[in-house]
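J.: Take a look at protein_29.pdb, PDB, C-alpha atoms and all ligand atoms:
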```
ATOM      1  CA  MET B 245     -48.487  20.346 127.214
ATOM      2  CA  PRO B 246     -48.569  24.136 127.618
ATOM      3  CA  THR B 247     -45.374  26.034 126.990
ATOM      4  CA  TRP B 248     -44.224  27.514 130.251
ATOM      5  CA  THR B 249     -43.064  31.062 129.718
ATOM      6  CA  PRO B 250     -42.184  33.399 132.615
ATOM      7  CA  LEU B 251     -45.485  35.206 132.090
ATOM      8  CA  ARG B 252     -47.624  32.070 132.407
ATOM      9  CA  LEU B 253     -45.552  30.651 135.241
ATOM     10  CA  LEU B 254     -45.809  33.863 137.236
ATOM     11  CA  ALA B 255     -49.585  34.033 136.757
ATOM     12  CA  TRP B 256     -50.033  30.378 137.794
ATOM     13  CA  THR B 257     -47.702  30.648 140.789
ATOM     14  CA  GLN B 258     -49.173  33.913 142.011
ATOM     15  CA  GLU B 259     -52.594  32.284 142.152
ATOM     16  CA  PHE B 260     -51.233  29.160 143.837
ATOM     17  CA  PHE B 261     -49.484  31.217 146.537
ATOM     18  CA  ALA B 262     -52.537  33.463 147.018
ATOM     19  CA  LYS B 263     -54.721  30.393 147.617
ATOM     20  CA  LYS B 264     -52.195  29.114 150.141
ATOM     21  CA  GLY B 265     -52.361  32.442 151.997
ATOM     22  CA  ILE B 266     -48.706  33.268 151.293
ATOM     23  CA  ASP B 267     -47.718  36.920 151.741
ATOM     24  CA  ALA B 268     -46.939  38.997 148.640
ATOM     25  CA  PRO B 269     -47.754  36.171 146.181
ATOM     26  CA  ARG B 270     -46.632  37.995 143.027
ATOM     27  CA  LEU B 271     -43.351  39.241 144.470
ATOM     28  CA  THR B 272     -42.638  35.801 145.929
ATOM     29  CA  ALA B 273     -43.258  34.160 142.550
ATOM     30  CA  GLU B 274     -40.932  36.651 140.864
ATOM     31  CA  LEU B 275     -38.152  36.207 143.430
ATOM     32  CA  LEU B 276     -38.281  32.419 143.135
ATOM     33  CA  LEU B 277     -38.395  32.431 139.336
ATOM     34  CA  ALA B 278     -35.516  34.892 139.107
ATOM     35  CA  HIS B 279     -33.571  32.622 141.486
ATOM     36  CA  ALA B 280     -34.360  29.495 139.424
ATOM     37  CA  LEU B 281     -33.180  31.285 136.278
ATOM     38  CA  SER B 282     -30.182  32.942 138.003
ATOM     39  CA  CYS B 283     -31.267  36.352 136.780
ATOM     40  CA  ASP B 284     -32.741  39.497 138.319
ATOM     41  CA  ARG B 285     -36.454  40.281 138.414
ATOM     42  CA  VAL B 286     -36.294  42.833 135.573
ATOM     43  CA  ARG B 287     -34.934  40.134 133.252
ATOM     44  CA  LEU B 288     -38.126  38.097 133.783
ATOM     45  CA  TYR B 289     -40.090  40.831 132.041
ATOM     46  CA  LEU B 290     -37.584  41.270 129.241
ATOM     47  CA  ASP B 291     -37.832  37.540 128.476
ATOM     48  CA  PHE B 292     -41.464  37.165 129.470
ATOM     49  CA  ASP B 293     -42.468  34.931 126.538
ATOM     50  CA  LYS B 294     -39.271  32.880 126.232
ATOM     51  CA  PRO B 295     -40.071  29.243 127.141
ATOM     52  CA  LEU B 296     -38.101  27.747 130.031
ATOM     53  CA  GLY B 297     -35.878  24.694 129.626
ATOM     54  CA  ASP B 298     -36.660  21.524 131.608
ATOM     55  CA  PRO B 299     -33.882  21.919 134.206
ATOM     56  CA  GLU B 300     -34.979  25.499 134.920
ATOM     57  CA  LEU B 301     -38.594  24.443 135.190
ATOM     58  CA  ALA B 302     -37.672  21.625 137.564
ATOM     59  CA  ARG B 303     -35.666  24.035 139.714
ATOM     60  CA  PHE B 304     -38.544  26.497 139.861
ATOM     61  CA  ARG B 305     -41.134  23.791 140.676
ATOM     62  CA  GLU B 306     -39.031  22.609 143.593
ATOM     63  CA  LEU B 307     -38.754  26.170 144.966
ATOM     64  CA  VAL B 308     -42.522  26.690 144.614
ATOM     65  CA  ARG B 309     -43.207  23.403 146.390
ATOM     66  CA  ARG B 310     -40.917  24.285 149.291
ATOM     67  CA  ARG B 311     -42.362  27.799 149.596
ATOM     68  CA  GLY B 312     -45.843  26.277 149.582
ATOM     69  CA  GLU B 313     -44.785  24.123 152.530
ATOM     70  CA  GLY B 314     -43.763  27.160 154.544
ATOM     71  CA  GLU B 315     -40.030  27.657 153.886
ATOM     72  CA  PRO B 316     -39.303  31.389 154.015
ATOM     73  CA  THR B 317     -38.535  32.963 150.637
ATOM     74  CA  ALA B 318     -35.333  34.469 152.011
ATOM     75  CA  TYR B 319     -33.931  31.009 152.866
ATOM     76  CA  LEU B 320     -34.928  29.624 149.459
ATOM     77  CA  VAL B 321     -33.156  32.379 147.559
ATOM     78  CA  GLY B 322     -30.422  32.739 150.188
ATOM     79  CA  ARG B 323     -30.645  36.496 150.509
ATOM     80  CA  ARG B 324     -32.632  39.400 151.905
ATOM     81  CA  GLU B 325     -32.284  43.156 151.593
ATOM     82  CA  PHE B 326     -31.758  45.142 154.771
ATOM     83  CA  TYR B 327     -31.153  48.882 155.022
ATOM     84  CA  GLY B 328     -30.571  48.989 151.266
ATOM     85  CA  ARG B 329     -28.041  46.173 151.049
ATOM     86  CA  PRO B 330     -28.195  42.459 150.211
ATOM     87  CA  TYR B 331     -27.420  39.959 153.006
ATOM     88  CA  ARG B 332     -26.816  36.255 152.715
ATOM     89  CA  VAL B 333     -29.253  34.407 154.949
ATOM     90  CA  ASP B 334     -29.854  30.755 155.727
ATOM     91  CA  PRO B 335     -31.530  28.792 158.544
ATOM     92  CA  ARG B 336     -28.619  29.569 160.907
ATOM     93  CA  VAL B 337     -29.948  33.130 161.303
ATOM     94  CA  LEU B 338     -33.170  35.076 161.712
ATOM     95  CA  VAL B 339     -34.285  36.696 158.462
ATOM     96  CA  PRO B 340     -33.662  40.475 158.768
ATOM     97  CA  ARG B 341     -36.969  42.353 159.229
ATOM     98  CA  PRO B 342     -37.830  45.832 157.928
ATOM     99  CA  GLU B 343     -38.787  47.014 161.434
ATOM    100  CA  THR B 344     -35.221  46.338 162.577
ATOM    101  CA  GLU B 345     -34.070  49.124 160.238
ATOM    102  CA  LEU B 346     -35.525  51.484 162.868
ATOM    103  CA  LEU B 347     -33.072  50.014 165.358
ATOM    104  CA  VAL B 348     -30.231  50.959 162.992
ATOM    105  CA  GLU B 349     -31.583  54.487 162.687
ATOM    106  CA  ALA B 350     -31.913  54.908 166.446
ATOM    107  CA  ALA B 351     -28.355  53.639 166.947
ATOM    108  CA  LEU B 352     -26.926  55.867 164.198
ATOM    109  CA  ALA B 353     -28.520  58.923 165.799
ATOM    110  CA  ALA B 354     -26.404  58.192 168.882
ATOM    111  CA  LEU B 355     -23.193  56.995 167.194
ATOM    112  CA  PRO B 356     -20.679  59.717 166.337
ATOM    113  CA  GLU B 357     -18.128  59.196 163.560
ATOM    114  CA  GLY B 358     -15.140  57.667 165.304
ATOM    115  CA  GLY B 359     -17.356  56.341 168.129
ATOM    116  CA  ARG B 360     -17.769  52.798 169.451
ATOM    117  CA  ALA B 361     -20.801  50.564 169.052
ATOM    118  CA  LEU B 362     -21.652  47.107 170.348
ATOM    119  CA  ASP B 363     -24.283  44.853 168.738
ATOM    120  CA  LEU B 364     -25.348  41.910 170.901
ATOM    121  CA  CYS B 365     -27.096  38.914 169.236
ATOM    122  CA  THR B 366     -25.942  40.024 165.792
ATOM    123  CA  GLY B 367     -27.303  37.017 163.831
ATOM    124  CA  SER B 368     -26.768  37.727 160.118
ATOM    125  CA  GLY B 369     -24.768  40.795 161.165
ATOM    126  CA  CYS B 370     -27.201  43.159 159.462
ATOM    127  CA  VAL B 371     -27.380  45.742 162.266
ATOM    128  CA  ALA B 372     -23.639  45.864 163.022
ATOM    129  CA  ILE B 373     -22.722  45.961 159.330
ATOM    130  CA  SER B 374     -25.214  48.766 158.620
ATOM    131  CA  LEU B 375     -23.654  50.772 161.465
ATOM    132  CA  ALA B 376     -20.097  50.099 160.328
ATOM    133  CA  LEU B 377     -20.853  51.131 156.744
ATOM    134  CA  ALA B 378     -22.650  54.312 157.809
ATOM    135  CA  ARG B 379     -19.824  55.281 160.213
ATOM    136  CA  PRO B 380     -16.616  53.999 158.605
ATOM    137  CA  ALA B 381     -14.403  55.523 161.302
ATOM    138  CA  ALA B 382     -16.424  53.985 164.160
ATOM    139  CA  ARG B 383     -15.344  50.797 165.899
ATOM    140  CA  VAL B 384     -18.149  48.228 165.773
ATOM    141  CA  VAL B 385     -18.110  45.048 167.854
ATOM    142  CA  ALA B 386     -20.735  42.336 167.275
ATOM    143  CA  THR B 387     -21.378  39.172 169.266
ATOM    144  CA  ASP B 388     -23.544  36.088 169.054
ATOM    145  CA  VAL B 389     -23.763  32.847 171.003
ATOM    146  CA  SER B 390     -24.126  30.883 167.753
ATOM    147  CA  ASP B 391     -20.952  30.016 165.835
ATOM    148  CA  GLY B 392     -23.050  29.335 162.747
ATOM    149  CA  ALA B 393     -24.606  32.789 162.867
ATOM    150  CA  LEU B 394     -21.207  34.432 163.332
ATOM    151  CA  ALA B 395     -19.738  32.545 160.382
ATOM    152  CA  LEU B 396     -22.496  33.938 158.193
ATOM    153  CA  ALA B 397     -22.197  37.431 159.720
ATOM    154  CA  ARG B 398     -18.470  37.390 158.902
ATOM    155  CA  GLU B 399     -19.247  36.427 155.302
ATOM    156  CA  ASN B 400     -21.752  39.275 155.058
ATOM    157  CA  ALA B 401     -19.281  41.789 156.464
ATOM    158  CA  ALA B 402     -16.599  40.658 154.008
ATOM    159  CA  ALA B 403     -18.984  40.715 151.034
ATOM    160  CA  LEU B 404     -20.184  44.220 151.895
ATOM    161  CA  GLY B 405     -16.758  45.573 152.793
ATOM    162  CA  ALA B 406     -17.642  46.365 156.422
ATOM    163  CA  VAL B 407     -15.091  46.294 159.222
ATOM    164  CA  VAL B 408     -16.725  44.684 162.264
ATOM    165  CA  GLU B 409     -15.034  42.849 165.146
ATOM    166  CA  PHE B 410     -16.969  39.656 165.785
ATOM    167  CA  ALA B 411     -16.828  37.652 169.024
ATOM    168  CA  THR B 412     -18.595  34.449 170.044
ATOM    169  CA  GLY B 413     -20.195  34.111 173.447
ATOM    170  CA  ASP B 414     -23.247  34.488 175.618
ATOM    171  CA  LEU B 415     -24.071  38.231 175.786
ATOM    172  CA  TRP B 416     -21.607  40.094 178.035
ATOM    173  CA  SER B 417     -19.223  37.140 178.366
ATOM    174  CA  ALA B 418     -18.149  37.849 174.763
ATOM    175  CA  VAL B 419     -17.360  41.511 175.444
ATOM    176  CA  HIS B 420     -13.803  42.286 176.569
ATOM    177  CA  GLY B 421     -11.855  45.450 177.246
ATOM    178  CA  ALA B 422     -12.682  48.366 179.487
ATOM    179  CA  GLU B 423     -13.187  51.073 176.883
ATOM    180  CA  PRO B 424     -16.820  52.238 177.043
ATOM    181  CA  PHE B 425     -19.247  52.222 174.110
ATOM    182  CA  ASP B 426     -21.259  55.172 172.779
ATOM    183  CA  VAL B 427     -24.060  52.837 171.749
ATOM    184  CA  VAL B 428     -25.170  49.341 172.678
ATOM    185  CA  VAL B 429     -27.728  47.909 170.290
ATOM    186  CA  SER B 430     -29.542  44.572 170.254
ATOM    187  CA  ASN B 431     -32.357  42.675 168.612
ATOM    188  CA  PRO B 432     -32.298  39.721 171.005
ATOM    189  CA  PRO B 433     -34.729  36.814 171.097
ATOM    190  CA  TYR B 434     -37.827  38.289 172.775
ATOM    191  CA  VAL B 435     -40.846  36.157 171.929
ATOM    192  CA  PRO B 436     -42.445  34.718 175.098
ATOM    193  CA  THR B 437     -41.948  30.922 174.949
ATOM    194  CA  LYS B 438     -45.654  30.124 174.996
ATOM    195  CA  GLU B 439     -46.198  32.270 171.865
ATOM    196  CA  LEU B 440     -43.657  30.364 169.767
ATOM    197  CA  ALA B 441     -46.113  27.622 168.774
ATOM    198  CA  GLY B 442     -48.559  30.270 167.497
ATOM    199  CA  LEU B 443     -46.068  31.958 165.137
ATOM    200  CA  SER B 444     -46.520  31.598 161.376
ATOM    201  CA  ARG B 445     -45.150  28.479 159.629
ATOM    202  CA  GLU B 446     -42.463  30.682 158.120
ATOM    203  CA  VAL B 447     -41.248  32.109 161.425
ATOM    204  CA  ARG B 448     -41.242  28.625 162.959
ATOM    205  CA  ARG B 449     -38.615  27.670 160.340
ATOM    206  CA  GLU B 450     -36.301  30.306 161.806
ATOM    207  CA  PRO B 451     -33.855  29.396 164.590
ATOM    208  CA  CYS B 452     -35.723  29.027 167.873
ATOM    209  CA  ILE B 453     -32.637  30.334 169.682
ATOM    210  CA  ALA B 454     -33.085  33.648 167.843
ATOM    211  CA  LEU B 455     -36.730  33.992 168.903
ATOM    212  CA  ASP B 456     -37.256  32.392 172.327
ATOM    213  CA  GLY B 457     -37.068  35.059 175.012
ATOM    214  CA  GLY B 458     -38.025  32.761 177.893
ATOM    215  CA  PRO B 459     -41.291  32.634 179.874
ATOM    216  CA  ASP B 460     -42.005  36.380 179.718
ATOM    217  CA  GLY B 461     -39.864  37.139 176.654
ATOM    218  CA  LEU B 462     -37.543  39.295 178.750
ATOM    219  CA  ALA B 463     -34.868  36.770 179.755
ATOM    220  CA  LEU B 464     -32.175  38.207 177.476
ATOM    221  CA  LEU B 465     -33.424  41.786 177.453
ATOM    222  CA  ARG B 466     -33.119  41.865 181.254
ATOM    223  CA  ARG B 467     -29.477  40.693 181.145
ATOM    224  CA  ILE B 468     -28.661  43.133 178.350
ATOM    225  CA  VAL B 469     -30.157  46.094 180.216
ATOM    226  CA  GLU B 470     -28.472  45.100 183.483
ATOM    227  CA  GLY B 471     -25.032  44.909 181.879
ATOM    228  CA  ALA B 472     -25.321  47.906 179.576
ATOM    229  CA  ALA B 473     -25.037  50.830 182.004
ATOM    230  CA  SER B 474     -21.506  49.877 183.087
ATOM    231  CA  ARG B 475     -20.310  49.390 179.474
ATOM    232  CA  LEU B 476     -21.658  52.679 178.111
ATOM    233  CA  ARG B 477     -19.955  56.019 178.518
ATOM    234  CA  PRO B 478     -21.857  58.775 180.386
ATOM    235  CA  GLY B 479     -24.525  60.046 177.984
ATOM    236  CA  GLY B 480     -24.350  56.735 176.053
ATOM    237  CA  THR B 481     -27.400  55.139 174.455
ATOM    238  CA  LEU B 482     -28.973  51.681 174.586
ATOM    239  CA  CYS B 483     -31.221  50.740 171.645
ATOM    240  CA  LEU B 484     -33.288  47.575 171.954
ATOM    241  CA  GLU B 485     -35.832  45.817 169.827
ATOM    242  CA  MET B 486     -38.644  44.283 171.870
ATOM    243  CA  HIS B 487     -41.999  42.513 171.720
ATOM    244  CA  GLU B 488     -45.017  44.840 171.516
ATOM    245  CA  SER B 489     -46.204  43.611 174.918
ATOM    246  CA  HIS B 490     -42.995  44.975 176.513
ATOM    247  CA  VAL B 491     -43.884  48.628 175.967
ATOM    248  CA  GLU B 492     -43.904  49.312 179.726
ATOM    249  CA  ALA B 493     -41.528  46.613 180.941
ATOM    250  CA  VAL B 494     -38.373  47.387 178.941
ATOM    251  CA  PRO B 495     -38.286  51.167 179.591
ATOM    252  CA  ALA B 496     -38.947  50.386 183.283
ATOM    253  CA  LEU B 497     -36.042  47.899 183.341
ATOM    254  CA  CYS B 498     -33.801  50.601 181.861
ATOM    255  CA  ARG B 499     -34.783  53.184 184.471
ATOM    256  CA  THR B 500     -34.206  50.676 187.271
ATOM    257  CA  ALA B 501     -30.765  49.930 185.826
ATOM    258  CA  GLY B 502     -29.808  53.606 186.084
ATOM    259  CA  PHE B 503     -30.707  55.057 182.696
ATOM    260  CA  ALA B 504     -31.793  58.694 183.008
ATOM    261  CA  ARG B 505     -34.276  58.494 180.132
ATOM    262  CA  ALA B 506     -35.990  55.541 178.453
ATOM    263  CA  GLU B 507     -38.766  55.651 175.890
ATOM    264  CA  ALA B 508     -40.593  53.127 173.746
ATOM    265  CA  ARG B 509     -40.913  53.850 170.021
ATOM    266  CA  ARG B 510     -43.365  52.443 167.511
ATOM    267  CA  ASP B 511     -42.613  50.609 164.269
ATOM    268  CA  LEU B 512     -44.235  51.384 160.903
ATOM    269  CA  ALA B 513     -47.154  49.128 161.795
ATOM    270  CA  GLY B 514     -47.769  51.327 164.854
ATOM    271  CA  LEU B 515     -46.618  48.678 167.348
ATOM    272  CA  PRO B 516     -44.205  49.554 170.159
ATOM    273  CA  ARG B 517     -41.010  47.908 168.890
ATOM    274  CA  LEU B 518     -37.977  49.734 170.284
ATOM    275  CA  THR B 519     -36.745  51.083 173.553
ATOM    276  CA  VAL B 520     -34.152  53.848 173.408
ATOM    277  CA  ALA B 521     -32.520  54.624 176.765
ATOM    278  CA  THR B 522     -29.840  57.179 177.585
ATOM    279  CA  LEU B 523     -27.476  57.457 180.520
ATOM    280  CA  ALA B 524     -27.054  60.818 182.215
ATOM    281  CA  SER B 525     -24.094  62.688 180.762
ATOM    282  CA  ARG B 526     -21.456  64.341 182.933
ATOM    283  CA  GLU B 527     -23.008  67.740 182.221
ATOM    284  CA  ASP B 528     -26.569  66.698 183.184
ATOM    285  CA  PRO B 529     -27.770  68.132 186.504
ATOM    286  CA  ALA B 530     -27.762  65.393 189.152
TER     287      ALA B 530
HETATM  288  N1  LIG T 601     -39.723  40.180 165.186
HETATM  289  C1  LIG T 601     -39.578  38.761 165.248
HETATM  290  C2  LIG T 601     -40.925  38.100 165.070
HETATM  291  O1  LIG T 601     -41.924  38.711 165.263
HETATM  292  C3  LIG T 601     -38.946  38.332 166.546
HETATM  293  C4  LIG T 601     -37.525  38.652 166.529
HETATM  294  C5  LIG T 601     -36.855  38.444 167.841
HETATM  295  O2  LIG T 601     -37.247  37.662 168.717
HETATM  296  N2  LIG T 601     -35.821  39.157 167.986
HETATM  297  O3  LIG T 601     -40.995  36.969 164.717
END
```
Written as structure tokens, that's how I'd like the structure from this file.

T.:
Amino acid sequence: MPTWTPLRLLAWTQEFFAKKGIDAPRLTAELLLAHALSCDRVRLYLDFDKPLGDPELARFRELVRRRGEGEPTAYLVGRREFYGRPYRVDPRVLVPRPETELLVEAALAALPEGGRALDLCTGSGCVAISLALARPAARVVATDVSDGALALARENAAALGAVVEFATGDLWSAVHGAEPFDVVVSNPPYVPTKELAGLSREVRREPCIALDGGPDGLALLRRIVEGAASRLRPGGTLCLEMHESHVEAVPALCRTAGFARAEARRDLAGLPRLTVATLASREDPA
């Protein structure tokens, strides 16, 4: 029987994951081993030749097996970094994606200190919480139709010390009060239904309700755009994440709904991923 040290386990697991076509095989192996040993990744290299005990080895093997079967790493370890902070995640919510950090940046550019922001379809809460922590004097409201998602979002806000007002409900039905927002932001489900079956095994483990955007992927985006103009102040901004195939459709929806300007922006992979739309301000020429 070989002695399983972190070094040997990482080498074996990296190769196993690479053969299975799993993304970032080394990093994945490290994250799972650190989780099995309840330590951070640096510790693995400090103790790289210290043999593992049987319970730890059993825990790690189980994580490797589940990852090999397509469970996302973030669900297995129960956390994912977003905008520089750790979030708890589990199968009740979509795993935060790096491209969604651009949505936070677009929203922050339009959110003054002391302003008001609304995040629809908040999921893990990562967008709303990032806004609230970057603008402590702003009022941030976040909604989701899923009670499970909101429970987790509340936990994340509490753990990170963010003040966010959460409300359950289907899009605009959860938003009360007449005071207008400076920014409305959303990463709604936007994958066209017929594309769901073709998503990776990992993404298919994520909640369908967080991905399925209806026949053309625009079912929720359309309702968000239609309701946004009357909830934003003059000059207010709508920031939306969208499917790359919506590069024309979402800006066009915004213009039809009365936004003065609407432009698509690309993510780091070069794909159109956001639409940022602005209402005319009172000073703008008619
Ligand atoms: N970006 C996600 C994906 O490609 C989709 C997220 C969403 O529908 N909001 O799987």

J.: So which one's closest to ligand LIG 601 (chain T), B:Ala524, B:Leu515, B:Leu377, B:Leu296? Using all atoms listed in the file, please.

T.: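 Among the listed residues, the smallest separation from ligand LIG 601 (chain T) belongs to B:Leu515.
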
J.: Provide the CA of Leu253 in chain B to CA of Pro295 in chain B distance in Å, to one decimal place.

T.: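 Pair CA of Leu253 in chain B / CA of Pro295 in chain B returns 9.9 Å.
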
J.: What's the 10 Å shell around Leu415 in chain B, counting all atoms listed in the file, without same-chain residues fewer than 6 positions away, as number ranges by chain?

T.: B: 363-365, 387-389, 432, 464, 467-468, 471

J.: Counting only C-alpha atoms and all ligand atoms, what residues are within 12 Å of ligand LIG 601 (chain T), given as a ChimeraX atom specification?

T.: /B:337-345,347,364-367,430-437,439-458,461-465,484-489,511,515-518

J.: Take the PyMOL selection byres (((chain B and resi 428) around 8) and not hetatm), apply it to the structure above, and return the hits as a VMD selection string.

T.: chain B and resid 351 361 to 364 425 to 427 429 to 430 472 476 481 to 483

J.: If I only have part of range 491-500 of chain B, can you fill in all heavy atoms and write it as a PDB file, in the frame of the given file?

T.:
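Result file follows (result-v6.pdb):
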```
ATOM      1  N   VAL B 491     -43.919  47.166 176.064  1.00  0.00           N
ATOM      2  CA  VAL B 491     -43.884  48.628 175.967  1.00  0.00           C
ATOM      3  C   VAL B 491     -43.650  49.319 177.313  1.00  0.00           C
ATOM      4  O   VAL B 491     -42.990  50.360 177.364  1.00  0.00           O
ATOM      5  CB  VAL B 491     -45.169  49.147 175.253  1.00  0.00           C
ATOM      6  CG1 VAL B 491     -46.430  48.687 175.968  1.00  0.00           C
ATOM      7  CG2 VAL B 491     -45.163  50.656 175.118  1.00  0.00           C
ATOM      8  N   GLU B 492     -44.157  48.733 178.397  1.00  0.00           N
ATOM      9  CA  GLU B 492     -43.904  49.312 179.726  1.00  0.00           C
ATOM     10  C   GLU B 492     -42.655  48.692 180.344  1.00  0.00           C
ATOM     11  O   GLU B 492     -41.850  49.372 180.981  1.00  0.00           O
ATOM     12  CB  GLU B 492     -45.070  49.010 180.697  1.00  0.00           C
ATOM     13  CG  GLU B 492     -46.461  49.318 180.177  1.00  0.00           C
ATOM     14  CD  GLU B 492     -46.783  50.789 180.241  1.00  0.00           C
ATOM     15  OE1 GLU B 492     -46.127  51.492 181.018  1.00  0.00           O
ATOM     16  OE2 GLU B 492     -47.671  51.227 179.478  1.00  0.00           O
ATOM     17  N   ALA B 493     -42.529  47.363 180.173  1.00  0.00           N
ATOM     18  CA  ALA B 493     -41.528  46.613 180.941  1.00  0.00           C
ATOM     19  C   ALA B 493     -40.088  47.010 180.587  1.00  0.00           C
ATOM     20  O   ALA B 493     -39.260  47.188 181.492  1.00  0.00           O
ATOM     21  CB  ALA B 493     -41.726  45.112 180.733  1.00  0.00           C
ATOM     22  N   VAL B 494     -39.778  47.155 179.297  1.00  0.00           N
ATOM     23  CA  VAL B 494     -38.373  47.387 178.941  1.00  0.00           C
ATOM     24  C   VAL B 494     -37.917  48.796 179.351  1.00  0.00           C
ATOM     25  O   VAL B 494     -36.858  48.937 179.980  1.00  0.00           O
ATOM     26  CB  VAL B 494     -38.090  47.054 177.452  1.00  0.00           C
ATOM     27  CG1 VAL B 494     -36.662  47.396 177.080  1.00  0.00           C
ATOM     28  CG2 VAL B 494     -38.350  45.571 177.198  1.00  0.00           C
ATOM     29  N   PRO B 495     -38.708  49.853 179.066  1.00  0.00           N
ATOM     30  CA  PRO B 495     -38.286  51.167 179.591  1.00  0.00           C
ATOM     31  C   PRO B 495     -38.141  51.156 181.116  1.00  0.00           C
ATOM     32  O   PRO B 495     -37.205  51.764 181.662  1.00  0.00           O
ATOM     33  CB  PRO B 495     -39.410  52.115 179.135  1.00  0.00           C
ATOM     34  CG  PRO B 495     -39.976  51.458 177.905  1.00  0.00           C
ATOM     35  CD  PRO B 495     -39.896  49.979 178.182  1.00  0.00           C
ATOM     36  N   ALA B 496     -39.036  50.436 181.808  1.00  0.00           N
ATOM     37  CA  ALA B 496     -38.947  50.386 183.283  1.00  0.00           C
ATOM     38  C   ALA B 496     -37.661  49.683 183.715  1.00  0.00           C
ATOM     39  O   ALA B 496     -36.968  50.138 184.637  1.00  0.00           O
ATOM     40  CB  ALA B 496     -40.172  49.674 183.863  1.00  0.00           C
ATOM     41  N   LEU B 497     -37.305  48.590 183.020  1.00  0.00           N
ATOM     42  CA  LEU B 497     -36.042  47.899 183.341  1.00  0.00           C
ATOM     43  C   LEU B 497     -34.866  48.864 183.182  1.00  0.00           C
ATOM     44  O   LEU B 497     -33.933  48.872 183.999  1.00  0.00           O
ATOM     45  CB  LEU B 497     -35.808  46.712 182.393  1.00  0.00           C
ATOM     46  CG  LEU B 497     -36.603  45.421 182.602  1.00  0.00           C
ATOM     47  CD1 LEU B 497     -36.327  44.459 181.445  1.00  0.00           C
ATOM     48  CD2 LEU B 497     -36.215  44.782 183.941  1.00  0.00           C
ATOM     49  N   CYS B 498     -34.904  49.659 182.132  1.00  0.00           N
ATOM     50  CA  CYS B 498     -33.801  50.601 181.861  1.00  0.00           C
ATOM     51  C   CYS B 498     -33.695  51.635 182.973  1.00  0.00           C
ATOM     52  O   CYS B 498     -32.595  51.938 183.450  1.00  0.00           O
ATOM     53  CB  CYS B 498     -34.003  51.298 180.519  1.00  0.00           C
ATOM     54  SG  CYS B 498     -33.856  50.188 179.106  1.00  0.00           S
ATOM     55  N   ARG B 499     -34.835  52.166 183.407  1.00  0.00           N
ATOM     56  CA  ARG B 499     -34.783  53.184 184.471  1.00  0.00           C
ATOM     57  C   ARG B 499     -34.252  52.575 185.767  1.00  0.00           C
ATOM     58  O   ARG B 499     -33.417  53.164 186.449  1.00  0.00           O
ATOM     59  CB  ARG B 499     -36.167  53.829 184.657  1.00  0.00           C
ATOM     60  CG  ARG B 499     -36.479  54.811 183.505  1.00  0.00           C
ATOM     61  CD  ARG B 499     -37.745  55.598 183.753  1.00  0.00           C
ATOM     62  NE  ARG B 499     -38.922  54.776 183.520  1.00  0.00           N
ATOM     63  CZ  ARG B 499     -39.584  54.727 182.360  1.00  0.00           C
ATOM     64  NH1 ARG B 499     -39.221  55.476 181.345  1.00  0.00           N
ATOM     65  NH2 ARG B 499     -40.622  53.949 182.221  1.00  0.00           N
ATOM     66  N   THR B 500     -34.693  51.354 186.054  1.00  0.00           N
ATOM     67  CA  THR B 500     -34.206  50.676 187.271  1.00  0.00           C
ATOM     68  C   THR B 500     -32.691  50.454 187.197  1.00  0.00           C
ATOM     69  O   THR B 500     -31.994  50.518 188.206  1.00  0.00           O
ATOM     70  CB  THR B 500     -34.926  49.311 187.442  1.00  0.00           C
ATOM     71  OG1 THR B 500     -36.322  49.564 187.409  1.00  0.00           O
ATOM     72  CG2 THR B 500     -34.548  48.617 188.736  1.00  0.00           C
TER      73      THR B 500
END
```
